[in-house]
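Source file: model.csv (CSV, C-alpha atoms)
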```
chain,number,residue,atom,x,y,z
A,1,MET,CA,109.8,41.7,69.6
A,2,ASP,CA,107.3,39.0,68.6
A,3,LYS,CA,108.7,35.6,67.9
A,4,LEU,CA,109.4,34.2,64.5
A,5,THR,CA,108.9,30.4,64.1
A,6,ILE,CA,110.7,28.6,61.3
A,7,ALA,CA,110.1,24.8,61.2
A,8,ASP,CA,109.8,24.1,64.9
A,9,LYS,CA,112.3,26.6,66.1
A,10,GLU,CA,111.5,30.0,67.7
A,11,PHE,CA,113.6,33.1,67.1
A,12,THR,CA,113.4,36.3,69.0
A,13,SER,CA,115.8,38.0,66.5
A,14,ARG,CA,114.7,38.6,62.9
A,15,LEU,CA,118.1,39.3,61.6
A,16,PHE,CA,120.2,36.4,60.3
A,17,VAL,CA,123.8,37.1,59.5
A,18,GLY,CA,126.4,35.6,57.2
A,19,THR,CA,130.0,34.9,58.4
A,20,GLY,CA,131.8,35.5,55.1
A,21,LYS,CA,134.2,38.3,54.1
A,22,TYR,CA,135.3,39.3,57.6
A,23,ALA,CA,138.9,40.5,58.1
A,24,SER,CA,139.2,38.0,61.0
A,25,ASN,CA,137.3,35.5,63.0
A,26,ARG,CA,137.6,37.7,66.0
A,27,ILE,CA,135.8,40.6,64.3
A,28,MET,CA,133.3,38.2,62.8
A,29,ALA,CA,132.4,36.9,66.3
A,30,LYS,CA,132.1,40.4,67.7
A,31,ALA,CA,129.8,41.5,64.8
A,32,VAL,CA,127.7,38.4,65.2
A,33,GLU,CA,127.3,39.2,68.9
A,34,ALA,CA,126.4,42.8,68.2
A,35,SER,CA,123.8,41.8,65.7
A,36,ALA,CA,122.0,39.7,68.4
A,37,THR,CA,121.2,37.2,65.8
A,38,GLN,CA,120.3,33.6,66.6
A,39,MET,CA,121.2,32.1,63.2
A,40,VAL,CA,124.4,32.4,61.2
A,41,THR,CA,125.2,31.1,57.7
A,42,VAL,CA,128.4,29.2,56.9
A,43,ALA,CA,129.8,27.7,53.7
A,44,LEU,CA,131.6,24.4,52.9
A,45,ARG,CA,134.9,24.3,51.2
A,46,ARG,CA,137.7,22.0,50.6
A,47,VAL,CA,140.4,21.8,53.3
A,48,ASP,CA,143.6,23.4,52.1
A,49,ILE,CA,145.9,20.5,52.1
A,50,GLU,CA,149.0,22.6,51.5
A,51,SER,CA,148.8,25.1,54.3
A,52,GLU,CA,147.3,25.6,57.7
A,53,ASN,CA,143.6,25.9,58.0
A,54,ASP,CA,141.8,28.4,60.2
A,55,ASP,CA,138.9,26.8,61.9
A,56,MET,CA,136.1,29.3,61.9
A,57,LEU,CA,133.7,27.1,63.9
A,58,THR,CA,135.7,27.6,67.0
A,59,ALA,CA,134.8,31.3,66.8
A,60,ILE,CA,131.0,30.5,66.8
A,61,ASP,CA,129.2,29.6,70.0
A,62,ARG,CA,126.9,26.9,68.8
A,63,ASP,CA,124.8,27.1,71.9
A,64,LYS,CA,123.9,30.7,71.1
A,65,TYR,CA,123.7,30.5,67.3
A,66,LEU,CA,122.1,28.0,65.0
A,67,LEU,CA,124.3,27.1,62.1
A,68,LEU,CA,122.7,27.5,58.7
A,69,PRO,CA,125.1,25.8,56.2
A,70,ASN,CA,124.7,27.0,52.7
A,71,THR,CA,125.2,25.2,49.4
A,72,SER,CA,127.2,28.1,47.8
A,73,GLY,CA,129.2,27.1,44.9
A,74,ALA,CA,126.6,24.6,43.7
A,75,ARG,CA,125.8,25.1,40.0
A,76,ASP,CA,123.0,22.7,39.7
A,77,ALA,CA,120.6,20.6,41.8
A,78,SER,CA,122.9,17.6,42.1
A,79,GLU,CA,125.9,19.7,43.4
A,80,ALA,CA,123.5,21.3,45.9
A,81,ILE,CA,122.3,18.0,47.1
A,82,ARG,CA,125.8,16.7,47.6
A,83,LEU,CA,126.8,19.8,49.5
A,84,ALA,CA,123.6,19.5,51.6
A,85,ARG,CA,124.5,16.0,52.6
A,86,LEU,CA,128.0,16.9,53.5
A,87,ALA,CA,126.8,19.9,55.5
A,88,ARG,CA,124.6,17.6,57.5
A,89,ALA,CA,127.4,15.2,58.1
A,90,ALA,CA,129.7,18.1,59.2
A,91,SER,CA,127.3,20.0,61.4
A,92,GLY,CA,125.0,17.3,62.7
A,93,ILE,CA,122.0,19.4,61.9
A,94,ASN,CA,119.6,19.4,59.0
A,95,TRP,CA,119.1,23.1,58.5
A,96,LEU,CA,120.1,24.3,55.1
A,97,LYS,CA,120.3,27.4,53.0
A,98,LEU,CA,119.7,26.1,49.6
A,99,GLU,CA,121.4,28.1,46.9
A,100,VAL,CA,122.1,27.2,43.3
A,101,THR,CA,124.0,29.9,41.4
A,102,PRO,CA,125.3,28.9,38.1
A,103,ASP,CA,126.1,32.4,36.9
A,104,PRO,CA,129.3,33.7,38.5
A,105,TYR,CA,128.9,37.3,37.5
A,106,TYR,CA,125.5,38.2,39.0
A,107,LEU,CA,125.2,35.0,41.2
A,108,LEU,CA,121.5,34.9,40.4
A,109,PRO,CA,119.8,31.7,41.6
A,110,ASP,CA,118.6,29.1,39.2
A,111,GLY,CA,115.0,28.5,40.2
A,112,GLU,CA,114.4,25.3,38.3
A,113,GLU,CA,117.4,23.6,39.8
A,114,THR,CA,116.6,25.0,43.3
A,115,LEU,CA,113.1,23.6,43.1
A,116,GLU,CA,114.4,20.2,42.0
A,117,ALA,CA,117.0,20.1,44.8
A,118,ALA,CA,114.3,21.3,47.3
A,119,LYS,CA,112.0,18.4,46.5
A,120,VAL,CA,114.8,15.8,47.2
A,121,LEU,CA,116.1,17.5,50.3
A,122,VAL,CA,112.7,18.0,51.9
A,123,LYS,CA,112.1,14.3,51.5
A,124,GLU,CA,115.4,13.6,53.1
A,125,GLY,CA,114.4,15.5,56.2
A,126,PHE,CA,116.2,18.7,55.6
A,127,ILE,CA,114.8,22.0,56.8
A,128,VAL,CA,115.2,23.9,53.6
A,129,LEU,CA,115.5,27.7,53.4
A,130,PRO,CA,115.9,28.4,49.6
A,131,TYR,CA,117.5,31.5,48.2
A,132,ILE,CA,115.6,32.6,45.2
A,133,ASN,CA,114.9,35.3,42.7
A,134,ALA,CA,111.9,37.5,43.8
A,135,ASP,CA,109.6,35.2,41.8
A,136,PRO,CA,106.2,34.8,43.4
A,137,ILE,CA,105.3,31.7,41.3
A,138,LEU,CA,108.6,29.9,42.3
A,139,ALA,CA,108.1,30.9,45.9
A,140,LYS,CA,104.6,29.2,45.9
A,141,LYS,CA,106.0,26.1,44.3
A,142,LEU,CA,108.8,25.9,46.9
A,143,GLN,CA,106.4,26.3,49.9
A,144,ASP,CA,104.2,23.7,48.3
A,145,VAL,CA,107.0,21.2,48.3
A,146,GLY,CA,107.7,21.9,51.9
A,147,THR,CA,110.5,24.4,52.3
A,148,ALA,CA,110.6,26.0,55.7
A,149,THR,CA,110.9,29.6,54.3
A,150,VAL,CA,111.4,31.3,51.0
A,151,MET,CA,114.3,33.7,50.7
A,152,PRO,CA,113.9,36.2,47.8
A,153,LEU,CA,116.8,38.4,46.9
A,154,ALA,CA,116.6,42.2,47.3
A,155,SER,CA,119.4,42.6,44.7
A,156,PRO,CA,122.4,40.6,43.6
A,157,ILE,CA,124.5,39.0,46.4
A,158,GLY,CA,127.0,41.4,47.9
A,159,SER,CA,125.9,44.3,45.7
A,160,ASN,CA,124.5,46.4,48.6
A,161,GLN,CA,122.0,47.9,46.1
A,162,GLY,CA,119.0,47.5,48.4
A,163,LEU,CA,115.4,46.5,47.7
A,164,ASN,CA,115.3,46.6,43.9
A,165,THR,CA,112.7,43.8,43.8
A,166,ARG,CA,110.3,45.4,46.2
A,167,ALA,CA,107.1,45.0,44.1
A,168,SER,CA,107.7,41.3,43.6
A,169,ILE,CA,108.6,40.7,47.2
A,170,GLU,CA,105.3,42.3,48.2
A,171,ILE,CA,103.5,39.7,46.2
A,172,ILE,CA,105.6,36.9,47.7
A,173,ILE,CA,104.7,38.1,51.2
A,174,ALA,CA,101.0,38.4,50.3
A,175,GLN,CA,100.9,34.8,49.1
A,176,ALA,CA,103.3,33.2,51.6
A,177,THR,CA,102.3,30.4,53.9
A,178,VAL,CA,105.9,30.1,55.2
A,179,PRO,CA,108.2,32.9,56.6
A,180,VAL,CA,109.7,35.2,54.0
A,181,VAL,CA,113.3,36.1,54.6
A,182,VAL,CA,114.7,38.9,52.4
A,183,ASP,CA,118.2,37.7,51.5
A,184,ALA,CA,121.0,39.3,49.5
A,185,GLY,CA,121.7,42.8,48.4
A,186,LEU,CA,120.5,44.7,51.5
A,187,GLY,CA,123.3,47.3,51.8
A,188,LEU,CA,122.1,49.6,54.6
A,189,PRO,CA,120.1,49.3,57.8
A,190,SER,CA,117.4,51.4,56.1
A,191,HIS,CA,117.1,48.7,53.4
A,192,ALA,CA,116.5,46.1,56.1
A,193,ALA,CA,114.0,48.4,57.8
A,194,GLU,CA,112.2,48.8,54.5
A,195,ALA,CA,111.9,45.1,54.0
A,196,MET,CA,110.6,44.6,57.5
A,197,GLU,CA,108.1,47.4,57.2
A,198,MET,CA,106.7,45.7,54.1
A,199,GLY,CA,106.0,42.6,56.2
A,200,ALA,CA,109.1,40.4,55.6
A,201,ASP,CA,109.5,38.0,58.5
A,202,ALA,CA,113.3,38.4,58.6
A,203,VAL,CA,116.3,39.6,56.7
A,204,LEU,CA,119.7,37.9,56.1
A,205,VAL,CA,122.7,40.2,55.8
A,206,ASN,CA,126.4,39.5,55.3
A,207,THR,CA,128.4,41.8,53.0
A,208,ALA,CA,126.8,45.0,54.3
A,209,ILE,CA,128.0,44.2,57.8
A,210,ALA,CA,131.3,42.4,57.1
A,211,THR,CA,132.7,45.0,54.7
A,212,ALA,CA,131.6,48.1,56.6
A,213,SER,CA,134.4,50.2,58.0
A,214,ASP,CA,133.3,49.2,61.5
A,215,PRO,CA,131.5,45.8,61.1
A,216,VAL,CA,130.6,45.6,64.8
A,217,MET,CA,128.9,48.9,64.9
A,218,MET,CA,127.1,48.2,61.5
A,219,ALA,CA,125.9,44.9,63.0
A,220,LYS,CA,124.2,46.8,65.8
A,221,ALA,CA,122.8,49.3,63.3
A,222,PHE,CA,121.2,46.4,61.3
A,223,LYS,CA,119.9,44.9,64.6
A,224,LEU,CA,118.1,48.2,65.5
A,225,ALA,CA,116.8,48.7,61.9
A,226,THR,CA,115.4,45.2,61.7
A,227,GLU,CA,113.6,45.7,65.0
A,228,ALA,CA,112.4,49.2,64.0
A,229,GLY,CA,111.0,47.8,60.7
A,230,ARG,CA,109.3,45.0,62.5
A,231,TYR,CA,107.7,47.3,65.1
A,232,ALA,CA,106.6,49.6,62.3
A,233,PHE,CA,104.9,46.7,60.4
A,234,LEU,CA,103.1,45.6,63.5
A,235,ALA,CA,102.1,49.1,64.4
A,236,GLY,CA,100.5,49.6,60.9
A,237,ARG,CA,101.5,52.5,58.8
A,238,ALA,CA,99.6,55.8,58.9
A,239,PRO,CA,97.7,56.6,55.7
A,240,MET,CA,99.5,58.5,52.9
A,241,SER,CA,97.9,61.4,51.1
A,242,LYS,CA,98.9,63.8,48.3
A,243,THR,CA,98.1,66.9,50.2
A,244,ALA,CA,99.1,68.1,53.6
A,245,SER,CA,97.2,67.2,56.7
A,246,ALA,CA,98.0,69.6,59.5
A,247,SER,CA,99.3,68.1,62.7
A,248,SER,CA,98.4,71.2,64.7
A,249,PRO,CA,94.8,72.6,65.1
A,250,LEU,CA,93.6,74.8,62.2
A,251,THR,CA,91.7,77.1,64.6
A,252,GLY,CA,92.6,79.7,67.1
A,253,PHE,CA,95.4,81.3,65.1
A,254,LEU,CA,96.8,84.5,66.6
A,255,ARG,CA,95.5,86.8,63.8
A,256,ASP,CA,92.2,88.5,62.9
A,257,ASP,CA,91.8,87.7,59.2
A,258,ARG,CA,89.4,85.0,58.2
B,1,MET,CA,156.2,1.3,44.1
B,2,ALA,CA,154.4,4.5,45.2
B,3,GLN,CA,150.8,4.4,46.1
B,4,THR,CA,148.5,7.3,45.2
B,5,LEU,CA,145.5,8.9,46.8
B,6,LYS,CA,143.7,11.8,45.1
B,7,ILE,CA,143.1,14.3,47.9
B,8,ASN,CA,141.0,17.4,47.2
B,9,GLY,CA,141.9,17.2,43.5
B,10,THR,CA,145.6,16.7,44.0
B,11,GLU,CA,147.4,13.4,43.4
B,12,LYS,CA,149.4,12.5,46.5
B,13,GLN,CA,152.0,9.8,46.3
B,14,PHE,CA,153.1,7.8,49.3
B,15,PRO,CA,156.1,5.4,49.3
B,16,ASP,CA,155.1,1.8,49.6
B,17,GLY,CA,153.9,1.0,53.1
B,18,GLU,CA,153.6,4.7,54.1
B,19,MET,CA,150.1,5.4,52.9
B,20,PRO,CA,147.8,6.3,55.7
B,21,ALA,CA,145.6,3.4,56.7
B,22,SER,CA,142.5,5.5,57.6
B,23,ILE,CA,141.0,9.0,57.3
B,24,SER,CA,142.0,9.5,61.0
B,25,GLU,CA,145.6,8.8,60.2
B,26,LEU,CA,145.6,11.0,57.1
B,27,LEU,CA,144.1,13.9,59.1
B,28,SER,CA,146.6,13.6,61.9
B,29,ARG,CA,149.5,13.4,59.5
B,30,MET,CA,148.2,16.6,57.9
B,31,ASP,CA,147.7,18.1,61.4
B,32,ILE,CA,144.0,18.7,60.8
B,33,ASP,CA,141.5,18.5,63.7
B,34,GLN,CA,139.1,15.8,62.7
B,35,ALA,CA,136.3,17.3,64.7
B,36,THR,CA,136.0,20.1,62.1
B,37,VAL,CA,136.2,18.0,59.0
B,38,VAL,CA,133.8,15.9,56.9
B,39,ALA,CA,135.2,13.4,54.4
B,40,GLU,CA,134.1,11.7,51.2
B,41,ILE,CA,135.7,8.6,49.7
B,42,ASP,CA,134.9,8.1,46.1
B,43,GLY,CA,131.7,10.2,46.5
B,44,THR,CA,130.5,8.4,49.6
B,45,ILE,CA,130.3,10.5,52.8
B,46,ILE,CA,132.2,8.9,55.7
B,47,GLU,CA,130.7,9.6,59.1
B,48,ARG,CA,133.2,11.2,61.5
B,49,LYS,CA,132.9,8.3,64.0
B,50,LYS,CA,134.0,6.0,61.2
B,51,PHE,CA,137.1,8.0,60.4
B,52,SER,CA,139.4,5.6,62.2
B,53,GLU,CA,137.8,2.3,61.0
B,54,THR,CA,137.5,3.2,57.3
B,55,ASP,CA,140.4,1.7,55.4
B,56,LEU,CA,142.0,3.6,52.7
B,57,THR,CA,143.1,1.9,49.5
B,58,PRO,CA,145.4,3.2,46.7
B,59,GLY,CA,143.7,5.0,43.9
B,60,GLN,CA,140.8,6.4,46.0
B,61,THR,CA,139.5,9.9,45.6
B,62,ILE,CA,139.2,11.7,48.9
B,63,GLU,CA,137.5,15.0,49.6
B,64,LEU,CA,138.2,16.7,53.0
B,65,ILE,CA,135.8,19.5,53.6
B,66,ARG,CA,135.2,22.0,56.4
B,67,PHE,CA,133.1,25.0,57.2
B,68,VAL,CA,134.3,28.4,56.3
B,69,GLY,CA,132.7,31.9,56.6
B,70,GLY,CA,129.9,32.3,54.1
B,71,GLY,CA,126.7,34.2,53.5
```
Can you dump the structure from the file as structure tokens?
Amino acid sequence: MDKLTIADKEFTSRLFVGTGKYASNRIMAKAVEASATQMVTVALRRVDIESENDDMLTAIDRDKYLLLPNTSGARDASEAIRLARLARAASGINWLKLEVTPDPYYLLPDGEETLEAAKVLVKEGFIVLPYINADPILAKKLQDVGTATVMPLASPIGSNQGLNTRASIEIIIAQATVPVVVDAGLGLPSHAAEAMEMGADAVLVNTAIATASDPVMMAKAFKLATEAGRYAFLAGRAPMSKTASASSPLTGFLRDDR
Amino acid sequence: MAQTLKINGTEKQFPDGEMPASISELLSRMDIDQATVVAEIDGTIIERKKFSETDLTPGQTIELIRFVGGG
């Protein structure tokens, strides 16, 4: 697999995975391993001061996996900036999945607030990977202010609907000067493959793996599909036509008619 | 006279003289591994290496935050 470079870091895997919604840390760790990813997303939440806290970071080998803290829960730029600073203090690294989702029903990102937060965080030295609607104009504005990627959604977070925004993501890819990571809504390995065949640089998957009947096997399926899609993109698709084009010779048939 | 700290949105009362003196002391009383936590006092992030030397005073608002699974 050809390497993907984001900021100054090289990745051999083009599948990033989330760590939410798993039945246990043990299954999460096994699925992460099966995915062969090199970057995992995590969220920040209040410590539960009334009961015992499960520390999920002990389940993640930080020598193998780069942590990508997200700003989930942020409803505007200022909340996202606060979470970003906390994430940096907690993780010691400046990578960040920037997400601002004021609408709890569809969890669609607020582009205006995301752009505003990105401007501040890039200046503060964060490596910003913004989660956005599949909006080509916004994607350009974000790359212009210095985000490390753009991460357009395929469909609403956790919906598993697949690549509903295909046409807009194609435009984003055509215009991008930074890697394009298709994030959210990919429900099946074939969706990931489709995104990669289009020329996406990577995909980010959580729910489709974590809530599958066998998350570990599904993680492997996404790994293979992501690789297959990338190889297909690099290979260049064969031309499409409306009529058939025989694969076998049209001469030398075993018959006498003409 | 009880002393109060607001911790993660909840008012916690401590009998006089029993309020934890630092973030470190608060975490160890709550049995929380401080290596996994980040703290804010009145909106200011406290670096982990300063957990033991940052004095707590009554009336402060403290946020204790940690990583959880997320997408």
Chain B near chain A within 9 Å: what's each residue's closest atom pair and its distance in Å to one decimal, counting only C-alpha atoms, ordered by chain then ascending residue number, as a Markdown table?
```
| residue | atom | partner | partner_atom | distance |
| --- | --- | --- | --- | --- |
| B:Ile7 | CA | A:Ile49 | CA | 8.0 |
| B:Asn8 | CA | A:Arg46 | CA | 6.6 |
| B:Thr10 | CA | A:Ile49 | CA | 9.0 |
| B:Met30 | CA | A:Ile49 | CA | 7.4 |
| B:Asp31 | CA | A:Glu52 | CA | 8.4 |
| B:Ile32 | CA | A:Asn53 | CA | 7.7 |
| B:Asp33 | CA | A:Asp55 | CA | 8.9 |
| B:Ala35 | CA | A:Ala90 | CA | 8.6 |
| B:Thr36 | CA | A:Ala90 | CA | 7.2 |
| B:Val37 | CA | A:Ala90 | CA | 6.5 |
| B:Val38 | CA | A:Ala90 | CA | 5.2 |
| B:Ala39 | CA | A:Leu86 | CA | 8.1 |
| B:Glu40 | CA | A:Leu86 | CA | 8.3 |
| B:Gly43 | CA | A:Arg82 | CA | 8.8 |
| B:Ile45 | CA | A:Leu86 | CA | 6.8 |
| B:Ile46 | CA | A:Ala89 | CA | 8.3 |
| B:Glu47 | CA | A:Ala89 | CA | 6.6 |
| B:Arg48 | CA | A:Ala89 | CA | 7.8 |
| B:Glu63 | CA | A:Arg46 | CA | 7.1 |
| B:Leu64 | CA | A:Val47 | CA | 5.6 |
| B:Ile65 | CA | A:Arg46 | CA | 4.3 |
| B:Arg66 | CA | A:Leu44 | CA | 5.6 |
| B:Phe67 | CA | A:Leu44 | CA | 4.6 |
| B:Val68 | CA | A:Ala43 | CA | 5.2 |
| B:Gly69 | CA | A:Gly20 | CA | 4.0 |
| B:Gly70 | CA | A:Gly20 | CA | 3.9 |
| B:Gly71 | CA | A:Gly18 | CA | 4.0 |
```
CA of Gln3 (chain B) to CA of Gly59 (chain B), straight-line distance in Å
7.5 Å
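Across the model, the gap from CA of Thr101 (chain A) to CA of Lys141 (chain A) is 18.6 Å.
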Pick from B:Asp42, B:Leu56, B:Lys50, B:Gln34: nearest to Met19 (chain B), with all atoms listed in the file counted?
B:Leu56
Can you tell me, as number ranges by chain, which residues sit within 12 Å of (145.4, 0.7, 45.8) in the file's frame, using only C-alpha atoms?
B: 1-6, 13-14, 16-17, 19-21, 55-61
What separation in Å, quoted to one decimal, exists between CA of Ile127 (chain A) and CA of Lys64 (chain A)?
19.1 Å
Give me, as a PDB file with C-alpha atoms, in the coordinates of the input, all polymer residues having an atom no more than 12 Å from Leu121 (chain A), counting all atoms listed in the file and skipping those fewer than 3 positions away in the same chain.
```
ATOM      1  CA  THR A  71     125.200  25.200  49.400  1.00  0.00           C
ATOM      2  CA  ALA A  77     120.600  20.600  41.800  1.00  0.00           C
ATOM      3  CA  SER A  78     122.900  17.600  42.100  1.00  0.00           C
ATOM      4  CA  ALA A  80     123.500  21.300  45.900  1.00  0.00           C
ATOM      5  CA  ILE A  81     122.300  18.000  47.100  1.00  0.00           C
ATOM      6  CA  ARG A  82     125.800  16.700  47.600  1.00  0.00           C
ATOM      7  CA  LEU A  83     126.800  19.800  49.500  1.00  0.00           C
ATOM      8  CA  ALA A  84     123.600  19.500  51.600  1.00  0.00           C
ATOM      9  CA  ARG A  85     124.500  16.000  52.600  1.00  0.00           C
ATOM     10  CA  ARG A  88     124.600  17.600  57.500  1.00  0.00           C
ATOM     11  CA  ASN A  94     119.600  19.400  59.000  1.00  0.00           C
ATOM     12  CA  TRP A  95     119.100  23.100  58.500  1.00  0.00           C
ATOM     13  CA  LEU A  96     120.100  24.300  55.100  1.00  0.00           C
ATOM     14  CA  LYS A  97     120.300  27.400  53.000  1.00  0.00           C
ATOM     15  CA  LEU A  98     119.700  26.100  49.600  1.00  0.00           C
ATOM     16  CA  THR A 114     116.600  25.000  43.300  1.00  0.00           C
ATOM     17  CA  LEU A 115     113.100  23.600  43.100  1.00  0.00           C
ATOM     18  CA  GLU A 116     114.400  20.200  42.000  1.00  0.00           C
ATOM     19  CA  ALA A 117     117.000  20.100  44.800  1.00  0.00           C
ATOM     20  CA  ALA A 118     114.300  21.300  47.300  1.00  0.00           C
ATOM     21  CA  GLU A 124     115.400  13.600  53.100  1.00  0.00           C
ATOM     22  CA  GLY A 125     114.400  15.500  56.200  1.00  0.00           C
ATOM     23  CA  PHE A 126     116.200  18.700  55.600  1.00  0.00           C
ATOM     24  CA  ILE A 127     114.800  22.000  56.800  1.00  0.00           C
ATOM     25  CA  VAL A 128     115.200  23.900  53.600  1.00  0.00           C
ATOM     26  CA  LEU A 129     115.500  27.700  53.400  1.00  0.00           C
ATOM     27  CA  PRO A 130     115.900  28.400  49.600  1.00  0.00           C
ATOM     28  CA  LEU A 142     108.800  25.900  46.900  1.00  0.00           C
ATOM     29  CA  VAL A 145     107.000  21.200  48.300  1.00  0.00           C
ATOM     30  CA  GLY A 146     107.700  21.900  51.900  1.00  0.00           C
ATOM     31  CA  THR A 147     110.500  24.400  52.300  1.00  0.00           C
ATOM     32  CA  ALA A 148     110.600  26.000  55.700  1.00  0.00           C
TER      33      ALA A 148
END
```
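Comparing the minimum interatomic distances between Asp135 (chain A) and each of A:Ala210, A:Val120, A:Ala167, A:Asn160, counting all atoms listed in the file, we find that A:Ala167 sits nearest.
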Please provide the set of residues having any atom within 10 Å of Asp2 (chain A), restricted to only C-alpha atoms, with same-chain residues fewer than 4 positions apart removed, written as number ranges by chain.
A: 10-14, 227, 230-231, 234
